[in-house]
Amino acid sequence: MRYLVTGGAGFIGSNTVDELVLRGHSVVVLDDLSAGKEDHLTDIRNKITFIKGSITDIETVRKAMHEAEYVLHLAARASVPRSVKDPLETNRINVEGTLNVLLAAKEFKVKRVLFAASSSAYGEMPTLPKVETMQPVPISPYGVSKYVGELYGQAFLKCYGLEMVSLRYFNIFGPRQDPSSPYSGVLARFCTAFLEDKQPVVFGDGEQTRDFTFVDNAVHANLLACEAPNVAGKVFNVGCGDRISLNQVLVALQKITGKPLEAKYEPPREGDIRDSQADISQARKFLGYEPQVGFEEGLQLTFNWYRESQVKAVAKDAAREAAAKETAAKDVG
Ligand code: NAD
Ligand code: UD1
């Protein structure tokens, strides 16, 4: 099969591309590298086509689309607080960019588009767990942008017969999630804080909860949603069905690392929801989805990955320094 993965150099995207390549599919990645890294694709670089470009440019999207059978549309500005700071840019990428992807998908008659939707569409509705039949009430520009993407998908099915399936991911974490920005996902931030013996920063009292979901589960759902029958236009929660507070995450990391690091508590973020937990019975029923990796195992795997990346980065720096010294010595000689 031929797949186009927008945002394929990002965290969830590159993990998905790895699995597609492993299964022998042909893959085109379209990513502007605004948040993703080409490094994430190093191991499979000669097996895929990589196009550096933006989904906000329709001609670039058309070029990337022309042979695709399936589209995994993951490119987005993925941060809630960034959307609060700059809603226009979030709208331009997440809404206008998505419209470009749908228009090109319609033009090239792709079989199905998989849309990376978000649990943030539910907003501040207090009922838990979240069920797909609840009326979304997003409370951040990001949540709005993701919900609008779903609505466009449903309109394209009615108007043009284009199949789109939306997966509302619930707080995905795991290897390759960027820890370096203040807007990065909380588990990436916490893992690196523990590695660097820095105090993790908690916005609020740390009692807010999330259905933290290891990335392999999202990849699994992505591939199922491309092929499941009778799901066009539908929306599915993708999570584990549990909820864990940030304070519980900190205790788990203290246990994994043996470090008694205490958090620094700061005021809550604008646009933050309080609690989140998925009901995954629809994904189970229609997609055959079942979480593959639980929270604790996922957290251990994630922490190990950041630790190994840190070791590799130190070794790389040492090798670079040694090479520079050798060159300098030769120059002197
Ligand atoms: P990410 O930032 O790692 O991935 C997004 C990718 O899109 C990056 O590689 C980035 O460079 C690329 N991108 C951004 N703007 C682009 C543009 N204009 N043109 C082309 N590429 C562009 O984030 P992620 O966590 O892997 O998220 C992937 C998708 O899943 C996003 O759509 C996000 O909204 C959605 N999502 C993520 C989570 C989560 O918990 N991580 C939860 C719900 C939904
Ligand atoms: C995350 C995703 C978003 C997705 C949504 C759906 C990221 C960056 N965001 O948003 O794309 O659509 O899940 O489930 O992946 N926090 C701290 N300290 C930190 C960072 C965050 O306390 O250093 C807090 C936040 O204030 C929030 C919680 O941790 O209460 C989770 O934040 P974050 O990881 O940014 O995720 P969401 O905002 O839930």
# chains A, B, ... in the order shown; residues from 1 in each chain; ligands from 1
call {"tool": "residues_around", "arguments": {"residues": "Leu253 (chain A)", "least_positions_apart": "6", "cutoff": "9 Å", "atoms": "only C-alpha atoms", "output": "MDAnalysis selection string"}}
result
chainID A and resid 190:191 194 259 299:300 303
call {"tool": "residues_around", "arguments": {"residues": "region 210-220 of chain A", "least_positions_apart": "3", "cutoff": "7 Å", "atoms": "only C-alpha atoms", "output": "ChimeraX atom specification"}}
result
/A:12,15-16,170-174,223-224,238-245,275-278,291-293,295,298
call {"tool": "write_last_selection", "arguments": {"atoms": "C-alpha atoms", "output": "short mmCIF file (atom, residue, chain, number, x, y, z; two decimals), in the first residue's frame"}}
result
data_model
loop_
_atom_site.label_atom_id
_atom_site.label_comp_id
_atom_site.auth_asym_id
_atom_site.auth_seq_id
_atom_site.Cartn_x
_atom_site.Cartn_y
_atom_site.Cartn_z
CA ILE A 12 3.74 9.99 16.74
CA ASN A 15 6.85 5.98 15.21
CA THR A 16 4.00 5.27 12.78
CA PHE A 170 -5.46 10.99 24.76
CA ASN A 171 -2.03 12.30 25.94
CA ILE A 172 0.37 10.16 23.95
CA PHE A 173 3.89 9.77 25.34
CA GLY A 174 7.00 7.75 24.53
CA LEU A 223 -3.01 1.25 11.31
CA LEU A 224 -6.27 -0.40 12.36
CA VAL A 238 -7.65 6.32 21.60
CA GLY A 239 -6.40 5.96 25.14
CA CYS A 240 -6.00 3.33 27.83
CA GLY A 241 -9.19 4.04 29.77
CA ASP A 242 -7.37 5.06 32.98
CA ARG A 243 -6.49 8.41 34.52
CA ILE A 244 -3.34 9.28 36.37
CA SER A 245 -2.52 12.51 38.20
CA ASP A 275 -9.34 15.75 34.04
CA SER A 276 -9.26 13.44 31.07
CA GLN A 277 -10.06 9.76 30.66
CA ALA A 278 -11.16 7.85 27.58
CA PRO A 291 -4.04 -1.03 24.36
CA GLN A 292 -0.77 -2.90 23.81
CA VAL A 293 1.41 -1.27 26.49
CA PHE A 295 1.20 3.19 31.63
CA GLY A 298 5.41 2.66 28.89
#
call {"tool": "select_by_dssp", "arguments": {"residues": "region 42-268 of chain A", "states": "helix (DSSP H, G or I)", "output": "tab-separated table (two decimals) with N, CA, C and O atoms, in the first residue's frame"}}
result
chain	number	residue	atom	x	y	z
A	42	THR	N	16.20	8.49	10.38
A	42	THR	CA	17.52	8.05	9.90
A	42	THR	C	17.55	6.56	9.53
A	42	THR	O	18.03	6.20	8.45
A	43	ASP	N	17.02	5.70	10.40
A	43	ASP	CA	17.13	4.25	10.18
A	43	ASP	C	16.40	3.77	8.93
A	43	ASP	O	16.71	2.70	8.40
A	44	ILE	N	15.42	4.54	8.47
A	44	ILE	CA	14.60	4.07	7.33
A	44	ILE	C	14.66	5.06	6.17
A	44	ILE	O	13.87	4.96	5.23
A	45	ARG	N	15.61	6.00	6.28
A	45	ARG	CA	15.66	7.12	5.32
A	45	ARG	C	15.70	6.65	3.86
A	45	ARG	O	15.07	7.24	3.00
A	46	ASN	N	16.44	5.55	3.59
A	46	ASN	CA	16.55	5.10	2.19
A	46	ASN	C	15.35	4.26	1.75
A	46	ASN	O	15.30	3.80	0.61
A	47	LYS	N	14.39	4.07	2.66
A	47	LYS	CA	13.21	3.26	2.28
A	47	LYS	C	11.97	4.12	2.09
A	47	LYS	O	10.90	3.61	1.77
A	58	ILE	N	-0.81	24.45	-0.68
A	58	ILE	CA	-1.62	23.42	-1.37
A	58	ILE	C	-0.81	22.70	-2.46
A	58	ILE	O	-0.96	21.50	-2.66
A	59	GLU	N	0.06	23.44	-3.17
A	59	GLU	CA	0.82	22.80	-4.26
A	59	GLU	C	1.78	21.74	-3.70
A	59	GLU	O	1.96	20.66	-4.29
A	60	THR	N	2.39	22.04	-2.56
A	60	THR	CA	3.27	21.07	-1.91
A	60	THR	C	2.48	19.84	-1.49
A	60	THR	O	2.92	18.70	-1.67
A	61	VAL	N	1.29	20.08	-0.96
A	61	VAL	CA	0.46	18.95	-0.51
A	61	VAL	C	0.05	18.10	-1.72
A	61	VAL	O	0.10	16.86	-1.67
A	62	ARG	N	-0.30	18.73	-2.82
A	62	ARG	CA	-0.70	17.99	-4.04
A	62	ARG	C	0.45	17.13	-4.53
A	62	ARG	O	0.27	15.98	-4.90
A	63	LYS	N	1.66	17.72	-4.50
A	63	LYS	CA	2.85	16.98	-4.96
A	63	LYS	C	3.07	15.73	-4.10
A	63	LYS	O	3.38	14.65	-4.60
A	64	ALA	N	2.88	15.89	-2.79
A	64	ALA	CA	3.11	14.76	-1.88
A	64	ALA	C	2.01	13.71	-2.01
A	64	ALA	O	2.22	12.54	-1.73
A	65	MET	N	0.83	14.14	-2.43
A	65	MET	CA	-0.36	13.28	-2.40
A	65	MET	C	-0.53	12.40	-3.63
A	65	MET	O	-1.24	11.41	-3.59
A	80	VAL	N	-1.35	23.03	23.37
A	80	VAL	CA	-2.45	23.85	23.89
A	80	VAL	C	-1.96	25.27	24.26
A	80	VAL	O	-2.50	26.25	23.75
A	81	PRO	N	-0.91	25.41	25.10
A	81	PRO	CA	-0.52	26.78	25.49
A	81	PRO	C	-0.02	27.62	24.32
A	81	PRO	O	-0.25	28.83	24.29
A	82	ARG	N	0.60	26.99	23.32
A	82	ARG	CA	1.02	27.77	22.14
A	82	ARG	C	-0.18	28.32	21.39
A	82	ARG	O	-0.14	29.41	20.82
A	83	SER	N	-1.26	27.55	21.39
A	83	SER	CA	-2.47	28.02	20.69
A	83	SER	C	-3.12	29.17	21.43
A	83	SER	O	-3.74	30.04	20.82
A	84	VAL	N	-2.98	29.17	22.76
A	84	VAL	CA	-3.53	30.27	23.54
A	84	VAL	C	-2.74	31.55	23.25
A	84	VAL	O	-3.28	32.64	23.12
A	85	LYS	N	-1.43	31.37	23.07
A	85	LYS	CA	-0.56	32.52	22.79
A	85	LYS	C	-0.73	33.03	21.36
A	85	LYS	O	-0.69	34.24	21.12
A	87	PRO	N	-3.34	32.06	18.50
A	87	PRO	CA	-4.42	31.27	17.89
A	87	PRO	C	-4.45	31.33	16.37
A	87	PRO	O	-4.82	30.35	15.72
A	88	LEU	N	-4.01	32.46	15.79
A	88	LEU	CA	-4.06	32.58	14.32
A	88	LEU	C	-3.16	31.55	13.66
A	88	LEU	O	-3.54	30.92	12.67
A	89	GLU	N	-1.95	31.39	14.20
A	89	GLU	CA	-1.00	30.46	13.61
A	89	GLU	C	-1.48	29.01	13.78
A	89	GLU	O	-1.38	28.19	12.86
A	90	THR	N	-2.05	28.71	14.95
A	90	THR	CA	-2.62	27.36	15.16
A	90	THR	C	-3.73	27.12	14.16
A	90	THR	O	-3.83	26.04	13.56
A	91	ASN	N	-4.57	28.13	13.93
A	91	ASN	CA	-5.66	27.97	12.97
A	91	ASN	C	-5.12	27.77	11.55
A	91	ASN	O	-5.61	26.92	10.80
A	92	ARG	N	-4.09	28.54	11.22
A	92	ARG	CA	-3.52	28.46	9.86
A	92	ARG	C	-3.01	27.04	9.58
A	92	ARG	O	-3.27	26.47	8.52
A	93	ILE	N	-2.30	26.48	10.54
A	93	ILE	CA	-1.71	25.15	10.32
A	93	ILE	C	-2.76	24.05	10.52
A	93	ILE	O	-2.94	23.18	9.66
A	94	ASN	N	-3.47	24.11	11.65
A	94	ASN	CA	-4.34	22.98	12.00
A	94	ASN	C	-5.66	22.97	11.24
A	94	ASN	O	-6.21	21.90	11.00
A	95	VAL	N	-6.15	24.15	10.88
A	95	VAL	CA	-7.44	24.19	10.17
A	95	VAL	C	-7.21	24.35	8.66
A	95	VAL	O	-7.60	23.49	7.86
A	96	GLU	N	-6.53	25.43	8.26
A	96	GLU	CA	-6.31	25.63	6.81
A	96	GLU	C	-5.45	24.51	6.24
A	96	GLU	O	-5.68	24.03	5.14
A	97	GLY	N	-4.43	24.09	7.00
A	97	GLY	CA	-3.57	22.99	6.54
A	97	GLY	C	-4.37	21.71	6.35
A	97	GLY	O	-4.21	21.00	5.36
A	98	THR	N	-5.26	21.43	7.29
A	98	THR	CA	-6.10	20.22	7.19
A	98	THR	C	-7.02	20.30	5.98
A	98	THR	O	-7.21	19.32	5.25
A	99	LEU	N	-7.55	21.50	5.72
A	99	LEU	CA	-8.41	21.69	4.55
A	99	LEU	C	-7.63	21.41	3.26
A	99	LEU	O	-8.13	20.74	2.34
A	100	ASN	N	-6.38	21.86	3.21
A	100	ASN	CA	-5.54	21.57	2.04
A	100	ASN	C	-5.36	20.06	1.86
A	100	ASN	O	-5.43	19.54	0.74
A	101	VAL	N	-5.11	19.37	2.97
A	101	VAL	CA	-4.90	17.91	2.89
A	101	VAL	C	-6.17	17.23	2.39
A	101	VAL	O	-6.12	16.35	1.51
A	102	LEU	N	-7.32	17.66	2.89
A	102	LEU	CA	-8.58	17.04	2.46
A	102	LEU	C	-8.87	17.34	0.98
A	102	LEU	O	-9.32	16.46	0.24
A	103	LEU	N	-8.59	18.58	0.56
A	103	LEU	CA	-8.84	18.93	-0.85
A	103	LEU	C	-7.98	18.09	-1.78
A	103	LEU	O	-8.46	17.56	-2.79
A	104	ALA	N	-6.72	17.95	-1.43
A	104	ALA	CA	-5.81	17.14	-2.28
A	104	ALA	C	-6.22	15.67	-2.23
A	104	ALA	O	-6.16	14.97	-3.25
A	105	ALA	N	-6.63	15.19	-1.05
A	105	ALA	CA	-7.04	13.79	-0.92
A	105	ALA	C	-8.26	13.51	-1.80
A	105	ALA	O	-8.37	12.46	-2.44
A	106	LYS	N	-9.17	14.47	-1.84
A	106	LYS	CA	-10.37	14.34	-2.69
A	106	LYS	C	-9.94	14.30	-4.17
A	106	LYS	O	-10.34	13.44	-4.93
A	107	GLU	N	-9.06	15.25	-4.51
A	107	GLU	CA	-8.63	15.36	-5.92
A	107	GLU	C	-7.96	14.06	-6.40
A	107	GLU	O	-8.23	13.60	-7.50
A	119	SER	N	-8.33	14.56	22.30
A	119	SER	CA	-9.25	14.54	23.44
A	119	SER	C	-9.54	15.96	23.92
A	119	SER	O	-10.50	16.18	24.65
A	120	SER	N	-8.71	16.93	23.49
A	120	SER	CA	-8.94	18.31	23.92
A	120	SER	C	-10.25	18.85	23.34
A	120	SER	O	-10.75	19.88	23.80
A	121	ALA	N	-10.82	18.17	22.35
A	121	ALA	CA	-12.13	18.58	21.82
A	121	ALA	C	-13.20	18.53	22.91
A	121	ALA	O	-14.13	19.34	22.93
A	122	TYR	N	-13.08	17.61	23.87
A	122	TYR	CA	-14.11	17.48	24.92
A	122	TYR	C	-14.14	18.69	25.84
A	122	TYR	O	-15.19	19.00	26.41
A	141	PRO	N	-7.95	27.35	21.82
A	141	PRO	CA	-7.94	27.44	20.35
A	141	PRO	C	-7.46	26.13	19.71
A	141	PRO	O	-7.95	25.71	18.67
A	142	TYR	N	-6.50	25.46	20.37
A	142	TYR	CA	-6.03	24.17	19.84
A	142	TYR	C	-7.18	23.15	19.80
A	142	TYR	O	-7.39	22.48	18.78
A	143	GLY	N	-7.93	23.06	20.91
A	143	GLY	CA	-9.06	22.12	20.96
A	143	GLY	C	-10.07	22.42	19.87
A	143	GLY	O	-10.59	21.52	19.21
A	144	VAL	N	-10.32	23.71	19.65
A	144	VAL	CA	-11.25	24.12	18.58
A	144	VAL	C	-10.70	23.66	17.23
A	144	VAL	O	-11.41	23.08	16.41
A	145	SER	N	-9.41	23.92	17.00
A	145	SER	CA	-8.81	23.59	15.69
A	145	SER	C	-8.91	22.09	15.40
A	145	SER	O	-9.15	21.68	14.26
A	146	LYS	N	-8.75	21.28	16.42
A	146	LYS	CA	-8.80	19.83	16.21
A	146	LYS	C	-10.24	19.37	15.95
A	146	LYS	O	-10.49	18.50	15.13
A	147	TYR	N	-11.17	19.99	16.66
A	147	TYR	CA	-12.58	19.64	16.46
A	147	TYR	C	-13.04	20.06	15.07
A	147	TYR	O	-13.75	19.33	14.37
A	148	VAL	N	-12.58	21.23	14.63
A	148	VAL	CA	-12.95	21.71	13.29
A	148	VAL	C	-12.44	20.73	12.22
A	148	VAL	O	-13.12	20.45	11.23
A	149	GLY	N	-11.25	20.19	12.44
A	149	GLY	CA	-10.70	19.19	11.50
A	149	GLY	C	-11.65	17.99	11.36
A	149	GLY	O	-11.92	17.52	10.25
A	150	GLU	N	-12.19	17.54	12.48
A	150	GLU	CA	-13.15	16.41	12.44
A	150	GLU	C	-14.39	16.79	11.63
A	150	GLU	O	-14.89	16.01	10.82
A	151	LEU	N	-14.88	18.03	11.89
A	151	LEU	CA	-16.11	18.47	11.21
A	151	LEU	C	-15.89	18.58	9.70
A	151	LEU	O	-16.76	18.20	8.91
A	152	TYR	N	-14.71	19.09	9.31
A	152	TYR	CA	-14.40	19.16	7.88
A	152	TYR	C	-14.40	17.75	7.27
A	152	TYR	O	-14.90	17.53	6.16
A	153	GLY	N	-13.85	16.80	8.01
A	153	GLY	CA	-13.82	15.42	7.51
A	153	GLY	C	-15.23	14.91	7.26
A	153	GLY	O	-15.51	14.27	6.23
A	154	GLN	N	-16.14	15.22	8.21
A	154	GLN	CA	-17.52	14.74	8.05
A	154	GLN	C	-18.20	15.44	6.87
A	154	GLN	O	-18.94	14.82	6.11
A	155	ALA	N	-17.90	16.73	6.71
A	155	ALA	CA	-18.49	17.47	5.57
A	155	ALA	C	-17.95	16.93	4.24
A	155	ALA	O	-18.70	16.83	3.26
A	156	PHE	N	-16.67	16.58	4.20
A	156	PHE	CA	-16.10	16.05	2.95
A	156	PHE	C	-16.68	14.68	2.59
A	156	PHE	O	-16.80	14.34	1.42
A	157	LEU	N	-17.05	13.91	3.60
A	157	LEU	CA	-17.70	12.62	3.33
A	157	LEU	C	-19.06	12.87	2.68
A	157	LEU	O	-19.40	12.27	1.65
A	158	LYS	N	-19.82	13.80	3.26
A	158	LYS	CA	-21.17	14.10	2.72
A	158	LYS	C	-21.09	14.75	1.34
A	158	LYS	O	-21.82	14.38	0.43
A	159	CYS	N	-20.19	15.74	1.19
A	159	CYS	CA	-20.18	16.51	-0.06
A	159	CYS	C	-19.47	15.79	-1.20
A	159	CYS	O	-19.85	15.91	-2.35
A	160	TYR	N	-18.38	15.07	-0.87
A	160	TYR	CA	-17.54	14.51	-1.94
A	160	TYR	C	-17.29	13.01	-1.82
A	160	TYR	O	-16.54	12.43	-2.61
A	186	VAL	N	4.12	16.77	28.96
A	186	VAL	CA	4.58	16.76	30.35
A	186	VAL	C	5.49	15.57	30.68
A	186	VAL	O	6.46	15.72	31.43
A	187	LEU	N	5.22	14.40	30.10
A	187	LEU	CA	6.06	13.25	30.47
A	187	LEU	C	7.47	13.38	29.91
A	187	LEU	O	8.45	12.97	30.56
A	188	ALA	N	7.58	13.97	28.72
A	188	ALA	CA	8.92	14.23	28.16
A	188	ALA	C	9.68	15.20	29.07
A	188	ALA	O	10.87	15.02	29.36
A	189	ARG	N	8.96	16.22	29.56
A	189	ARG	CA	9.58	17.23	30.45
A	189	ARG	C	10.01	16.58	31.77
A	189	ARG	O	11.10	16.80	32.27
A	190	PHE	N	9.11	15.77	32.34
A	190	PHE	CA	9.41	15.16	33.63
A	190	PHE	C	10.57	14.16	33.52
A	190	PHE	O	11.47	14.14	34.38
A	191	CYS	N	10.57	13.33	32.47
A	191	CYS	CA	11.65	12.33	32.32
A	191	CYS	C	13.01	13.03	32.23
A	191	CYS	O	13.97	12.62	32.89
A	192	THR	N	13.08	14.09	31.43
A	192	THR	CA	14.38	14.76	31.28
A	192	THR	C	14.76	15.52	32.55
A	192	THR	O	15.93	15.59	32.89
A	193	ALA	N	13.77	16.05	33.28
A	193	ALA	CA	14.09	16.71	34.55
A	193	ALA	C	14.73	15.70	35.51
A	193	ALA	O	15.76	15.99	36.14
A	194	PHE	N	14.16	14.52	35.60
A	194	PHE	CA	14.73	13.49	36.50
A	194	PHE	C	16.13	13.09	36.05
A	194	PHE	O	17.02	12.89	36.87
A	195	LEU	N	16.33	12.99	34.72
A	195	LEU	CA	17.66	12.62	34.22
A	195	LEU	C	18.71	13.67	34.56
A	195	LEU	O	19.86	13.35	34.84
A	215	VAL	N	2.97	5.50	23.08
A	215	VAL	CA	2.86	5.77	21.64
A	215	VAL	C	2.56	4.51	20.80
A	215	VAL	O	1.88	4.60	19.78
A	216	ASP	N	3.03	3.33	21.23
A	216	ASP	CA	2.75	2.12	20.44
A	216	ASP	C	1.24	1.89	20.30
A	216	ASP	O	0.78	1.33	19.30
A	217	ASN	N	0.50	2.32	21.33
A	217	ASN	CA	-0.96	2.15	21.26
A	217	ASN	C	-1.57	3.04	20.18
A	217	ASN	O	-2.49	2.64	19.47
A	218	ALA	N	-1.02	4.25	20.04
A	218	ALA	CA	-1.52	5.17	19.00
A	218	ALA	C	-1.17	4.63	17.61
A	218	ALA	O	-1.98	4.68	16.67
A	219	VAL	N	0.04	4.10	17.48
A	219	VAL	CA	0.47	3.55	16.18
A	219	VAL	C	-0.45	2.38	15.80
A	219	VAL	O	-0.93	2.28	14.67
A	220	HIS	N	-0.69	1.52	16.77
A	220	HIS	CA	-1.58	0.37	16.58
A	220	HIS	C	-2.96	0.86	16.09
A	220	HIS	O	-3.49	0.34	15.10
A	221	ALA	N	-3.51	1.87	16.75
A	221	ALA	CA	-4.83	2.41	16.38
A	221	ALA	C	-4.79	3.02	14.98
A	221	ALA	O	-5.72	2.84	14.18
A	222	ASN	N	-3.72	3.73	14.67
A	222	ASN	CA	-3.60	4.37	13.35
A	222	ASN	C	-3.74	3.34	12.22
A	222	ASN	O	-4.46	3.54	11.25
A	223	LEU	N	-3.01	2.24	12.39
A	223	LEU	CA	-3.01	1.25	11.31
A	223	LEU	C	-4.36	0.53	11.22
A	223	LEU	O	-4.85	0.27	10.13
A	224	LEU	N	-4.95	0.26	12.38
A	224	LEU	CA	-6.27	-0.40	12.36
A	224	LEU	C	-7.31	0.50	11.68
A	224	LEU	O	-8.14	0.03	10.91
A	225	ALA	N	-7.23	1.80	11.97
A	225	ALA	CA	-8.25	2.73	11.46
A	225	ALA	C	-8.17	2.91	9.95
A	225	ALA	O	-9.14	3.32	9.32
A	226	CYS	N	-7.02	2.63	9.36
A	226	CYS	CA	-6.90	2.75	7.89
A	226	CYS	C	-7.68	1.64	7.20
A	226	CYS	O	-8.16	1.82	6.09
A	227	GLU	N	-7.78	0.50	7.86
A	227	GLU	CA	-8.33	-0.66	7.14
A	227	GLU	C	-9.67	-1.16	7.66
A	227	GLU	O	-10.32	-1.98	6.99
A	246	LEU	N	-0.67	14.05	37.82
A	246	LEU	CA	0.75	14.39	37.67
A	246	LEU	C	1.52	14.01	38.93
A	246	LEU	O	2.67	13.56	38.85
A	247	ASN	N	0.88	14.17	40.09
A	247	ASN	CA	1.57	13.79	41.33
A	247	ASN	C	1.85	12.28	41.34
A	247	ASN	O	2.92	11.85	41.80
A	248	GLN	N	0.95	11.48	40.81
A	248	GLN	CA	1.20	10.02	40.72
A	248	GLN	C	2.34	9.73	39.74
A	248	GLN	O	3.15	8.83	39.98
A	249	VAL	N	2.40	10.49	38.65
A	249	VAL	CA	3.50	10.31	37.69
A	249	VAL	C	4.83	10.58	38.39
A	249	VAL	O	5.81	9.82	38.22
A	250	LEU	N	4.86	11.63	39.20
A	250	LEU	CA	6.12	11.98	39.89
A	250	LEU	C	6.54	10.86	40.85
A	250	LEU	O	7.73	10.50	40.89
A	251	VAL	N	5.59	10.28	41.54
A	251	VAL	CA	5.91	9.16	42.44
A	251	VAL	C	6.47	7.99	41.62
A	251	VAL	O	7.48	7.36	42.00
A	252	ALA	N	5.84	7.71	40.48
A	252	ALA	CA	6.31	6.60	39.63
A	252	ALA	C	7.74	6.87	39.15
A	252	ALA	O	8.58	5.95	39.12
A	253	LEU	N	8.04	8.11	38.80
A	253	LEU	CA	9.41	8.43	38.33
A	253	LEU	C	10.42	8.37	39.48
A	253	LEU	O	11.57	7.97	39.28
A	254	GLN	N	9.98	8.76	40.67
A	254	GLN	CA	10.88	8.64	41.84
A	254	GLN	C	11.24	7.17	42.05
A	254	GLN	O	12.39	6.83	42.35
A	255	LYS	N	10.24	6.30	41.84
A	255	LYS	CA	10.46	4.85	42.02
A	255	LYS	C	11.42	4.32	40.94
A	255	LYS	O	12.37	3.60	41.23
A	256	ILE	N	11.18	4.71	39.69
A	256	ILE	CA	12.01	4.22	38.58
A	256	ILE	C	13.46	4.67	38.73
A	256	ILE	O	14.40	3.92	38.49
A	257	THR	N	13.64	5.94	39.12
A	257	THR	CA	15.00	6.51	39.13
A	257	THR	C	15.68	6.39	40.49
A	257	THR	O	16.89	6.58	40.58
call {"tool": "atom_distance", "arguments": {"atom1": "CA of Pro200 (chain A)", "atom2": "atom 35 (C, counted along the ligand's line) of ligand 1"}}
result
23.8 Å
call {"tool": "select_by_dssp", "arguments": {"residues": "region 198-230 of chain A", "states": "strand (DSSP E or B)", "output": "list in words"}}
result
Val201, Val202, Phe203, Thr209, Arg210, Thr213 and Phe214 of chain A
call {"tool": "write_last_selection", "arguments": {"atoms": "N, CA and C atoms", "output": "PDB file, in the first residue's frame"}}
result
ATOM      1  N   VAL A 201       8.665  20.940  36.909  1.00  0.00           N
ATOM      2  CA  VAL A 201       7.707  22.031  37.165  1.00  0.00           C
ATOM      3  C   VAL A 201       6.293  21.504  36.945  1.00  0.00           C
ATOM      4  N   VAL A 202       5.422  21.736  37.925  1.00  0.00           N
ATOM      5  CA  VAL A 202       4.023  21.330  37.805  1.00  0.00           C
ATOM      6  C   VAL A 202       3.165  22.585  37.750  1.00  0.00           C
ATOM      7  N   PHE A 203       2.321  22.694  36.691  1.00  0.00           N
ATOM      8  CA  PHE A 203       1.400  23.826  36.601  1.00  0.00           C
ATOM      9  C   PHE A 203       0.099  23.453  37.296  1.00  0.00           C
ATOM     10  N   THR A 209      -5.644  15.156  36.081  1.00  0.00           N
ATOM     11  CA  THR A 209      -5.396  13.788  35.602  1.00  0.00           C
ATOM     12  C   THR A 209      -5.446  13.722  34.077  1.00  0.00           C
ATOM     13  N   ARG A 210      -4.723  12.737  33.543  1.00  0.00           N
ATOM     14  CA  ARG A 210      -4.726  12.484  32.107  1.00  0.00           C
ATOM     15  C   ARG A 210      -4.720  10.968  31.874  1.00  0.00           C
ATOM     16  N   THR A 213      -1.048   7.663  27.457  1.00  0.00           N
ATOM     17  CA  THR A 213      -1.124   6.530  26.530  1.00  0.00           C
ATOM     18  C   THR A 213       0.204   6.368  25.781  1.00  0.00           C
ATOM     19  N   PHE A 214       0.802   5.201  25.926  1.00  0.00           N
ATOM     20  CA  PHE A 214       2.103   4.964  25.285  1.00  0.00           C
ATOM     21  C   PHE A 214       1.936   4.967  23.760  1.00  0.00           C
TER      22      PHE A 214
END
call {"tool": "residues_near_ligand", "arguments": {"ligand": "ligand 1", "cutoff": "8 Å", "atoms": "only C-alpha atoms and all ligand atoms", "output": "JSON, numbers by chain"}}
result
{"A": [6, 7, 8, 9, 10, 11, 12, 13, 14, 30, 31, 32, 33, 34, 35, 36, 37, 52, 53, 54, 55, 56, 73, 74, 75, 76, 77, 78, 79, 93, 94, 97, 115, 116, 117, 118, 119, 120, 146, 168, 169, 170, 171, 172, 173, 176, 177, 178, 185, 213]}
call {"tool": "closest_residue", "arguments": {"among": "A:Ala329, A:Ala315, A:Leu72, A:Ile48", "to": "Lys111 (chain A)", "atoms": "only C-alpha atoms"}}
result
A:Leu72
call {"tool": "closest_residue", "arguments": {"among": "A:Thr49, A:Glu38, A:Arg2, A:Gly294", "to": "Glu67 (chain A)", "atoms": "only C-alpha atoms"}}
result
A:Arg2
call {"tool": "closest_residue", "arguments": {"among": "A:Pro138, A:Pro175, A:Pro260, A:Pro182", "to": "ligand 2", "atoms": "only C-alpha atoms and all ligand atoms"}}
result
A:Pro182
call {"tool": "closest_residue", "arguments": {"among": "A:Glu321, A:Glu19, A:Asp331, A:Glu266", "to": "ligand 2", "atoms": "only C-alpha atoms and all ligand atoms"}}
result
A:Glu266
call {"tool": "atom_distance", "arguments": {"atom1": "CA of Glu69 (chain A)", "atom2": "CA of Asp57 (chain A)"}}
result
20.5 Å
call {"tool": "closest_residue", "arguments": {"among": "A:Ile273, A:Val231, A:Leu287, A:Val110", "to": "ligand 2", "atoms": "only C-alpha atoms and all ligand atoms"}}
result
A:Ile273
call {"tool": "closest_residue", "arguments": {"among": "A:Asp39, A:Glu124, A:Glu326, A:Asp205", "to": "ligand 2", "atoms": "only C-alpha atoms and all ligand atoms"}}
result
A:Asp205
